[in-house]
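Written below as structure tokens is the structure these notes are about.
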Amino acid sequence: MDNLEKAKKELLALFSHELKTPLTLISGWCQVLQDHKIIGALNTKQKHAIDILSANSMILKNEIENILDTKKLMYGAMLFSFDIIELNRFIQRIIDRFKPITEEKKIRLVNQGKKRIVLRTDEDRLEQVLSNLILNAIDFVPRRAGVIKVGAREKSGQVTFYVKDNGKGIPKNAQDKIFEKLFQEDSSYRRKHFGLGLGLFLCKGIVENLGGRMWVESQWRKGSTFYFTHPKKIKSRHFSLRRRHH
Ligand SMILES: Nc1ncnc2c1ncn2[C@@H]1O[C@H](COP(=O)(O)OP(=O)(O)OP(=O)(O)O)[C@@H](O)[C@H]1O
Ligand SMILES: [Mg+2]
């Protein structure tokens with residue numbers, strides 16, 4: 001690695017640390033305020049205010065991670081580390097984390113997992129993929145009537161995950177393009193839907209690094225379902241096996 005590359009890497013690590021630390025503190029304190037056992041009950045208006053703070057710090061954190069990880073993905077420098085997890089509980093934990101956002105928008109986010117499935121995977125990366133898909137779905141479903149279903153099915157040596165929404169849908173001619181970096185399908189949604197257009201590029205990249213594939217099935221005005229597969233046994237050629245440092 002030459003000096004310039006090294007300097008860039010160090011800068012990136014610093015940048016990431018500087019941005020993430022204060023945000024982690026903000027969301028941590030929001031959680032404290034949301035827990036009536038720690039700090040006492042809040043009135044409805046106070047709770048609403050904290051929910052909005054908490055929801056938006058989560059969105060911002062996701063955005064920062066997307067920027068940093070897109071770079072890693074492009075340089076082939078994304079690291080993975082593996083553990084065995086149970087998927088129902090894993091999905092439920094992610095859904096619980098979205099509560100401030102779904103409650104604020106008055107929509108339903110449902111765990112459809114029924115059977116117990118265990119999987120050896122990179123938990124943080126898998127969470128990143130599902131969180132990005134869920135955040136997109138949240139943005140495009142209607143307020144109050146929105147329903148998002150998340151689940152996983154095991155079949156012939158692989159697990160297929162899905163995130164299904166009853167949002168605005170994606171026209172046929174845009175369905176491949178949405179996985180490209182910086183692509184956003186309809187600029188008239190820009191004012192309602194924030195973001196940089198990195199989420200799906202990153203999701204697809206992570207899934208492919210783990211040996212799976214990702215696609216979408218969608219009908220305009222009816223809704224979209226994002227699917228991705230994850231092999232039960234990951235072959236080592238799919239990823240760099242160095243452990244990630246925290
Ligand atoms: N569930 C969905 N329903 C309808 N359109 C979607 C959905 N998910 C993604 N899209 C379309 O695909 C585009 C790209 O999505 P992607 O997640 O890559 O970027 P983004 O959400 O716009 O920004 P970022 O993820 O970086 O915050 C979106 O701008 C939107 O046009
Ligand atoms: Mg997105």
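Just remember, in the structure tokens the first chain shown is A, the second B, etc., residues are 1-based per chain, and ligands are 1-based in the order shown.
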Would you mind listing the residues within 6 Å of ligand 2, counting only C-alpha atoms and all ligand atoms, as a PyMOL selection string? chain A and resi 132+136+199
Write a file of the just-selected residues containing N, CA and C atoms, as an mmCIF file, in the first residue's frame.
data_model
loop_
_atom_site.group_PDB
_atom_site.id
_atom_site.type_symbol
_atom_site.label_atom_id
_atom_site.label_comp_id
_atom_site.auth_asym_id
_atom_site.auth_seq_id
_atom_site.Cartn_x
_atom_site.Cartn_y
_atom_site.Cartn_z
ATOM 1 N N ASN A 132 -31.688 -1.456 5.397
ATOM 2 C CA ASN A 132 -31.822 -0.611 4.207
ATOM 3 C C ASN A 132 -33.109 -0.913 3.449
ATOM 4 N N ASN A 136 -36.257 1.754 3.061
ATOM 5 C CA ASN A 136 -36.850 2.100 1.763
ATOM 6 C C ASN A 136 -38.353 1.876 1.799
ATOM 7 N N GLY A 199 -28.214 2.773 -0.998
ATOM 8 C CA GLY A 199 -28.708 1.643 -0.220
ATOM 9 C C GLY A 199 -28.752 0.320 -0.973
#
What do you get as an NGL selection string if you pick all residues at most 7 Å from ligand 1, counting only C-alpha atoms and all ligand atoms? :A and (63 or 66 or 132-133 or 136-137 or 140 or 165 or 167-170 or 178-179 or 181-186 or 193-201 or 223-224)
DSSP-assigned helix (DSSP H, G or I) among segment 6-180 of chain A, expressed as a PyMOL selection string: chain A and resi 6-34+36-39+44-74+87-97+99-105+123-140+172-174+177-179
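The residue set within 7 Å of Ile234 of chain A, counting only C-alpha atoms and dropping same-chain residues fewer than 2 places from it, reads Leu210, Gly211, Pro231, Lys232 and Ser236 of chain A.
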Write the selection just made, keeping C-alpha atoms, as a PDB file, in the first residue's frame?
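Resulting contents of selection-v3.pdb:
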ATOM      1  CA  LEU A 210     -21.956 -13.624   1.013  1.00  0.00           C
ATOM      2  CA  GLY A 211     -22.661 -15.849  -1.997  1.00  0.00           C
ATOM      3  CA  PRO A 231     -26.368 -19.978   1.282  1.00  0.00           C
ATOM      4  CA  LYS A 232     -26.470 -22.167   4.386  1.00  0.00           C
ATOM      5  CA  SER A 236     -14.605 -18.971   1.599  1.00  0.00           C
TER       6      SER A 236
END
